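Next comes upload-v9.txt, with compact mmCIF, C-alpha atoms.
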# COMPACT_ATOMS: atom_id res chain seq x y z
CA MET A 4 -36.76 -11.44 70.07
CA PRO A 5 -39.11 -10.70 72.97
CA TYR A 6 -37.70 -10.76 76.48
CA ASN A 7 -38.62 -13.47 78.94
CA PRO A 8 -42.22 -12.77 79.96
CA ALA A 9 -41.27 -13.13 83.60
CA LEU A 10 -38.80 -10.28 83.28
CA VAL A 11 -41.32 -7.86 81.83
CA ALA A 12 -44.21 -8.86 84.07
CA PRO A 13 -43.41 -6.13 86.64
CA MET A 14 -43.39 -3.53 83.86
CA ARG A 15 -46.80 -4.69 82.72
CA GLN A 16 -48.07 -4.75 86.28
CA GLU A 17 -46.82 -1.22 86.84
CA MET A 18 -49.11 -0.11 84.02
CA THR A 19 -52.19 -2.09 84.96
CA SER A 20 -51.88 -1.03 88.59
CA MET A 21 -52.41 2.59 87.51
CA GLY A 22 -55.52 1.61 85.58
CA ALA A 23 -54.12 1.05 82.10
CA ARG A 24 -55.75 -1.62 79.98
CA GLU A 25 -53.33 -3.89 78.18
CA LEU A 26 -53.81 -4.45 74.46
CA THR A 27 -51.89 -7.58 73.58
CA THR A 28 -53.22 -8.43 70.14
CA ALA A 29 -53.96 -6.53 66.96
CA THR A 30 -57.62 -7.29 67.50
CA ASP A 31 -57.45 -5.74 70.96
CA VAL A 32 -55.96 -2.62 69.40
CA ASP A 33 -58.57 -2.38 66.68
CA THR A 34 -61.35 -2.82 69.19
CA ALA A 35 -59.96 0.01 71.32
CA LEU A 36 -58.86 2.42 68.62
CA ALA A 37 -60.82 1.85 65.43
CA ASP A 38 -63.80 3.86 66.57
CA GLN A 39 -62.25 5.69 69.48
CA ARG A 40 -64.42 8.35 71.08
CA GLY A 41 -63.67 10.66 73.96
CA THR A 42 -60.16 10.97 75.32
CA MET A 43 -57.52 8.28 75.53
CA LEU A 44 -53.82 7.91 76.20
CA VAL A 45 -51.93 5.12 74.45
CA PHE A 46 -48.73 4.21 76.27
CA VAL A 47 -46.15 2.31 74.23
CA ASN A 48 -44.32 0.46 76.96
CA SER A 49 -40.69 -0.59 76.72
CA VAL A 50 -38.06 -2.48 78.64
CA CYS A 51 -35.71 0.49 78.25
CA GLY A 52 -34.66 1.37 81.76
CA CYS A 53 -33.37 4.85 81.08
CA ALA A 54 -36.57 6.07 79.43
CA ALA A 55 -39.43 3.74 80.32
CA GLY A 56 -38.17 3.56 83.89
CA ASN A 57 -39.12 7.23 84.18
CA ALA A 58 -42.07 7.24 81.78
CA ARG A 59 -44.21 4.86 83.81
CA PRO A 60 -43.85 6.78 87.10
CA ALA A 61 -44.41 9.99 85.15
CA LEU A 62 -47.71 8.72 83.83
CA ARG A 63 -48.73 7.59 87.29
CA LEU A 64 -48.04 11.11 88.57
CA ALA A 65 -49.85 12.73 85.66
CA LEU A 66 -52.95 10.62 86.22
CA GLN A 67 -53.34 12.24 89.62
CA HIS A 68 -54.06 15.50 87.80
CA GLY A 69 -57.61 16.80 87.73
CA VAL A 70 -57.80 16.69 83.95
CA LYS A 71 -56.79 13.37 82.49
CA PRO A 72 -57.70 10.97 79.69
CA GLY A 73 -60.90 9.02 79.97
CA GLU A 74 -59.02 5.80 79.31
CA VAL A 75 -55.42 4.64 79.33
CA VAL A 76 -54.38 1.69 77.18
CA THR A 77 -50.96 0.20 76.66
CA VAL A 78 -49.07 -1.93 74.19
CA PHE A 79 -45.64 -3.36 74.89
CA ALA A 80 -43.00 -2.73 72.23
CA GLY A 81 -40.69 -5.67 71.68
CA GLN A 82 -43.14 -7.95 73.47
CA ASP A 83 -46.57 -7.76 71.94
CA LEU A 84 -45.29 -7.24 68.43
CA ASP A 85 -48.55 -7.41 66.48
CA ALA A 86 -50.38 -5.18 68.91
CA THR A 87 -47.62 -2.59 68.87
CA SER A 88 -47.35 -2.62 65.10
CA ARG A 89 -51.10 -2.18 64.76
CA ALA A 90 -51.21 0.61 67.35
CA ARG A 91 -48.53 2.48 65.45
CA GLN A 92 -50.67 2.37 62.35
CA TYR A 93 -53.15 4.59 64.17
CA PHE A 94 -50.49 7.25 64.62
CA ALA A 95 -48.51 6.60 61.48
CA GLU A 96 -47.66 10.26 61.03
CA TYR A 97 -45.36 9.90 64.01
CA GLN A 98 -42.13 7.98 63.80
CA PRO A 99 -42.07 4.90 66.03
CA SER A 100 -40.20 5.11 69.30
CA SER A 101 -40.56 3.47 72.64
CA PRO A 102 -41.47 4.36 75.21
CA SER A 103 -43.86 6.91 73.81
CA MET A 104 -47.35 8.19 74.49
CA ALA A 105 -50.12 9.28 72.17
CA LEU A 106 -53.03 11.39 73.34
CA LEU A 107 -56.17 10.77 71.31
CA LYS A 108 -59.40 12.68 71.14
CA ASP A 109 -62.23 11.23 69.10
CA GLY A 110 -59.82 9.15 67.09
CA GLU A 111 -57.34 11.93 66.34
CA VAL A 112 -53.85 12.15 67.76
CA VAL A 113 -53.73 15.54 69.47
CA HIS A 114 -50.37 15.18 71.19
CA PHE A 115 -47.46 12.79 70.99
CA LEU A 116 -44.66 12.34 73.48
CA HIS A 117 -41.62 10.72 71.90
CA ARG A 118 -38.84 8.81 73.53
CA HIS A 119 -36.47 11.76 73.07
CA GLN A 120 -38.88 13.88 75.12
CA ILE A 121 -38.76 11.30 77.93
CA GLU A 122 -35.19 10.03 78.18
CA GLY A 123 -32.91 11.74 80.67
CA ARG A 124 -35.76 13.63 82.31
CA SER A 125 -37.29 13.17 85.73
CA PRO A 126 -40.76 11.68 86.17
CA GLN A 127 -41.87 15.05 87.55
CA ALA A 128 -40.71 16.91 84.45
CA ILE A 129 -42.35 14.40 82.11
CA ALA A 130 -45.53 14.48 84.17
CA ALA A 131 -45.58 18.27 83.92
CA ASP A 132 -45.48 18.00 80.11
CA LEU A 133 -48.26 15.44 80.20
CA THR A 134 -50.55 17.40 82.48
CA ALA A 135 -50.02 20.51 80.36
CA ALA A 136 -51.12 18.47 77.36
CA PHE A 137 -54.10 17.10 79.30
CA ASP A 138 -55.15 20.65 80.15
CA ARG A 139 -54.65 21.84 76.59
CA HIS A 140 -56.48 19.03 74.82
CA PHE A 141 -58.78 17.35 77.30
CA ALA A 142 -59.96 20.07 79.66
CA ALA A 143 -63.29 20.75 77.99
CA THR A 144 -64.14 17.14 77.26
CA VAL A 145 -63.52 15.25 80.50
CA MET B 69 -29.94 9.98 74.59
CA THR B 70 -31.20 11.61 71.41
CA VAL B 71 -28.88 14.34 70.24
CA VAL B 72 -28.43 16.91 67.52
CA LEU B 73 -24.95 16.73 66.04
CA GLU B 74 -24.07 19.79 64.02
CA THR B 75 -21.04 19.56 61.76
CA HIS B 76 -18.68 22.18 60.40
CA GLY B 77 -20.20 21.42 57.01
CA SER B 78 -23.75 21.49 55.70
CA ARG B 79 -24.95 18.35 57.47
CA THR B 80 -26.80 18.02 60.74
CA TYR B 81 -27.56 14.65 62.28
CA VAL B 82 -30.22 13.67 64.81
CA GLY B 83 -29.97 10.29 66.49
CA ARG B 84 -29.30 8.33 69.61
CA PHE B 85 -25.83 8.90 71.00
CA ASP B 86 -23.92 5.69 71.61
CA SER B 87 -20.29 6.59 72.27
CA GLN B 88 -17.27 8.49 71.08
CA ASP B 89 -13.90 6.96 70.26
CA GLU B 90 -10.98 7.45 67.90
CA ARG B 91 -13.27 6.86 64.91
CA GLY B 92 -15.67 9.57 65.94
CA VAL B 93 -19.15 9.88 67.39
CA HIS B 94 -21.31 6.78 67.08
CA LEU B 95 -25.03 7.37 66.54
CA HIS B 96 -28.01 5.07 65.97
CA ASP B 97 -31.27 5.56 64.03
CA VAL B 98 -30.05 8.75 62.50
CA GLY B 99 -31.95 11.40 60.56
CA VAL B 100 -29.96 13.75 58.34
CA HIS B 101 -30.42 17.32 57.19
CA ASP B 102 -28.18 18.65 54.46
CA ALA B 103 -28.47 22.38 54.07
CA GLY B 104 -27.12 22.09 50.55
CA ALA B 105 -29.80 19.68 49.39
CA ALA B 106 -32.79 19.91 51.69
CA ASP B 107 -36.01 21.74 50.93
CA GLY B 108 -36.52 23.14 54.41
CA SER B 109 -34.24 24.83 56.88
CA LYS B 110 -32.31 23.07 59.60
CA GLU B 111 -34.58 24.61 62.22
CA GLU B 112 -37.66 23.24 60.43
CA PHE B 113 -36.00 19.83 60.24
CA LEU B 114 -35.29 19.89 63.97
CA ARG B 115 -38.82 21.03 64.80
CA ARG B 116 -40.23 18.18 62.71
CA CYS B 117 -37.95 15.70 64.48
CA ASP B 118 -39.19 17.01 67.81
CA LYS B 119 -42.87 16.88 66.89
CA PHE B 120 -43.09 13.81 64.66
CA GLY B 121 -40.00 11.85 65.63
CA ILE B 122 -36.86 11.02 63.72
CA ARG B 123 -37.12 9.54 60.25
CA ALA B 124 -34.03 7.37 60.43
CA GLU B 125 -31.93 7.18 57.29
CA HIS B 126 -29.06 5.33 58.95
CA ARG B 127 -29.31 2.53 61.46
CA ASP B 128 -25.74 3.17 62.60
CA LEU B 129 -23.49 6.06 61.73
CA VAL B 130 -20.06 7.29 62.77
CA VAL B 131 -19.34 10.99 62.38
CA PRO B 132 -15.59 11.69 62.42
CA SER B 133 -14.64 13.81 65.40
CA GLY B 134 -13.05 16.44 63.19
CA GLU B 135 -16.38 17.14 61.56
CA VAL B 136 -18.24 17.68 64.83
CA ALA B 137 -19.01 21.28 65.66
CA ARG B 138 -21.55 20.83 68.43
CA ILE B 139 -23.63 18.15 70.14
CA GLN B 140 -26.77 18.93 72.16
CA ARG B 141 -29.78 17.01 73.34
CA LEU B 142 -32.57 17.42 70.82
CA ILE B 143 -34.99 18.49 73.51
CA ASP B 144 -32.60 21.24 74.60
CA ARG B 145 -31.84 22.32 71.04
CA VAL B 146 -35.45 22.90 70.03
CA ARG B 147 -36.75 24.58 73.20
Represent the structure from my file as structure tokens, please.
Amino acid sequence: MPYNPALVAPMRQEMTSMGARELTTATDVDTALADQRGTMLVFVNSVCGCAAGNARPALRLALQHGVKPGEVVTVFAGQDLDATSRARQYFAEYQPSSPSMALLKDGEVVHFLHRHQIEGRSPQAIAADLTAAFDRHFAATV
Amino acid sequence: MTVVLETHGSRTYVGRFDSQDERGVHLHDVGVHDAGAADGSKEEFLRRCDKFGIRAEHRDLVVPSGEVARIQRLIDRVR
């Protein structure tokens, strides 16, 4: 059962304030991902304090890097159920976890950061992984 | 916290650590590698878990303490 919307509003706002576009319906997801071109990061948000509480600040840090995705979109696991389920169909090779992040380039997942690679780590350490992935996959295209 | 639990036997478990009590170690969303039955090696299994995530075979699992040889974070185990 989804949490009270008022409780998760700050977690949504934390994402949109760093420029992420919320995808709240399956149609939103299809519109963003079905014919995705260029570079994109899909952030699967979560209420989990121990992991998402570090993942969001990590992404904010990483987006200060010179090389970064052309667009950041986000779905909220446990909240926007249809949107999250549809988004996961676009990276079905990867087991679902939240929070998690998928880096896409021209519709292909080029890097995936799972929950287990986030939990228990500092935002700085997670951001370092992200920026390394940005450099590796996005440097020539942004 | 997602951990690798290696047993004294052929089985290795990957899942989220919950707690440990007199029954053993409690894990959630657990993937299993059995060296006696699996196609690939344990190291390949762990690398796949790291890259593609954990294909959970058990929602909840208790591993008796006597079977536990070692517990490490997955991220530490594979890097």
Counting only C-alpha atoms, collect the residues of chain A whose closest atom lies at most 12 Å from chain B, and write them out as a short mmCIF file (atom, residue, chain, number, x, y, z; two decimals) with C-alpha atoms, in the frame of the given file.
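Generated file (part_25.cif):
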data_model
loop_
_atom_site.label_atom_id
_atom_site.label_comp_id
_atom_site.auth_asym_id
_atom_site.auth_seq_id
_atom_site.Cartn_x
_atom_site.Cartn_y
_atom_site.Cartn_z
CA CYS A 51 -35.71 0.49 78.25
CA CYS A 53 -33.37 4.85 81.08
CA ALA A 54 -36.57 6.07 79.43
CA PHE A 94 -50.49 7.25 64.62
CA ALA A 95 -48.51 6.60 61.48
CA GLU A 96 -47.66 10.26 61.03
CA TYR A 97 -45.36 9.90 64.01
CA GLN A 98 -42.13 7.98 63.80
CA PRO A 99 -42.07 4.90 66.03
CA SER A 100 -40.20 5.11 69.30
CA SER A 101 -40.56 3.47 72.64
CA SER A 103 -43.86 6.91 73.81
CA ALA A 105 -50.12 9.28 72.17
CA VAL A 112 -53.85 12.15 67.76
CA VAL A 113 -53.73 15.54 69.47
CA HIS A 114 -50.37 15.18 71.19
CA PHE A 115 -47.46 12.79 70.99
CA LEU A 116 -44.66 12.34 73.48
CA HIS A 117 -41.62 10.72 71.90
CA ARG A 118 -38.84 8.81 73.53
CA HIS A 119 -36.47 11.76 73.07
CA GLN A 120 -38.88 13.88 75.12
CA ILE A 121 -38.76 11.30 77.93
CA GLU A 122 -35.19 10.03 78.18
CA GLY A 123 -32.91 11.74 80.67
CA ARG A 124 -35.76 13.63 82.31
#
> What's the 9 Å shell around Gln127 (chain A), counting all atoms listed in the file, without same-chain residues fewer than 3 positions away, as a ChimeraX atom specification?
Replying inline: /A:57,60-61,64-65,124,130-132
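Checking A:Pro102, A:Ser88, A:Lys108, A:Ala135 one by one against Gly52 (chain A), counting only C-alpha atoms, you find the shortest gap at A:Pro102.
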Please enclose the listed atoms of region 37-45 of chain A in an axis-aligned box, pad each side by 5 Å, and write out the centre and the three edge lengths in Å, rounded to one decimal, as lines of an AutoDock Vina configuration file.
center_x = -58.2
center_y = 6.4
center_z = 70.8
size_x = 22.5
size_y = 19.1
size_z = 20.8
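Nearest residue to Ala90 (chain A), choosing from A:Thr30, A:Gln67, A:Gln16, A:Ser125 and counting only C-alpha atoms: A:Thr30.
Nearest residue to Gln82 (chain A), choosing from A:Ala136, A:Leu62, A:Val47, A:Leu107 and counting all atoms listed in the file: A:Val47.
The interatomic distance for the pair CA of Pro5 (chain A) and CA of Pro126 (chain A) works out to 26.0 Å.
Interatomic distance, CA of Leu84 (chain A) against CA of Glu17 (chain A): 19.4 Å.
The protein and nucleic acid residues lying at most 10 Å from Asp89 (chain B) are B:Ser87, B:Arg91, B:Gly92, B:Val93, B:His94, B:Val130, B:Pro132, B:Ser133, with all atoms listed in the file considered and sequence neighbours fewer than 2 positions away removed.
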> Mind listing as a list in words all residues within 7 Å of (-26.1, 6.9, 66.4), counting all atoms listed in the file?
Replying inline: Gly83, Arg84, Phe85, Asp86, His94, Leu95, His96, Asp97, Val98, Asp128 and Leu129 of chain B
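Going from CA of Ala86 (chain A) to CA of Arg63 (chain A) covers 22.4 Å.
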> In file coordinates, which residues lie within 8 Å of (-24.7, 21.7, 56.0) using only C-alpha atoms, given as number ranges by chain?
Replying inline: B: 75-80, 101-104
Generate a file of the selected residues that holds C-alpha atoms, formatted as an mmCIF file, keeping the file's coordinate frame.
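Done, and the output landed in result_39.cif:
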data_model
loop_
_atom_site.group_PDB
_atom_site.id
_atom_site.type_symbol
_atom_site.label_atom_id
_atom_site.label_comp_id
_atom_site.auth_asym_id
_atom_site.auth_seq_id
_atom_site.Cartn_x
_atom_site.Cartn_y
_atom_site.Cartn_z
ATOM 1 C CA THR B 75 -21.040 19.560 61.760
ATOM 2 C CA HIS B 76 -18.680 22.180 60.400
ATOM 3 C CA GLY B 77 -20.200 21.420 57.010
ATOM 4 C CA SER B 78 -23.750 21.490 55.700
ATOM 5 C CA ARG B 79 -24.950 18.350 57.470
ATOM 6 C CA THR B 80 -26.800 18.020 60.740
ATOM 7 C CA HIS B 101 -30.420 17.320 57.190
ATOM 8 C CA ASP B 102 -28.180 18.650 54.460
ATOM 9 C CA ALA B 103 -28.470 22.380 54.070
ATOM 10 C CA GLY B 104 -27.120 22.090 50.550
#
>> Which residues are close to Gln39 (chain A), i.e. within 9 Å by only C-alpha atoms, leaving aside same-chain residues fewer than 2 positions away? Reply as a PyMOL selection string.
In response: chain A and resi 34-37+41-43+107-111
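Residue nearest Gln140 (chain B) within the list B:Glu74, B:Asp107, B:Glu112, B:Glu125: B:Glu74 [criterion: smallest interatomic distance, all atoms listed in the file].
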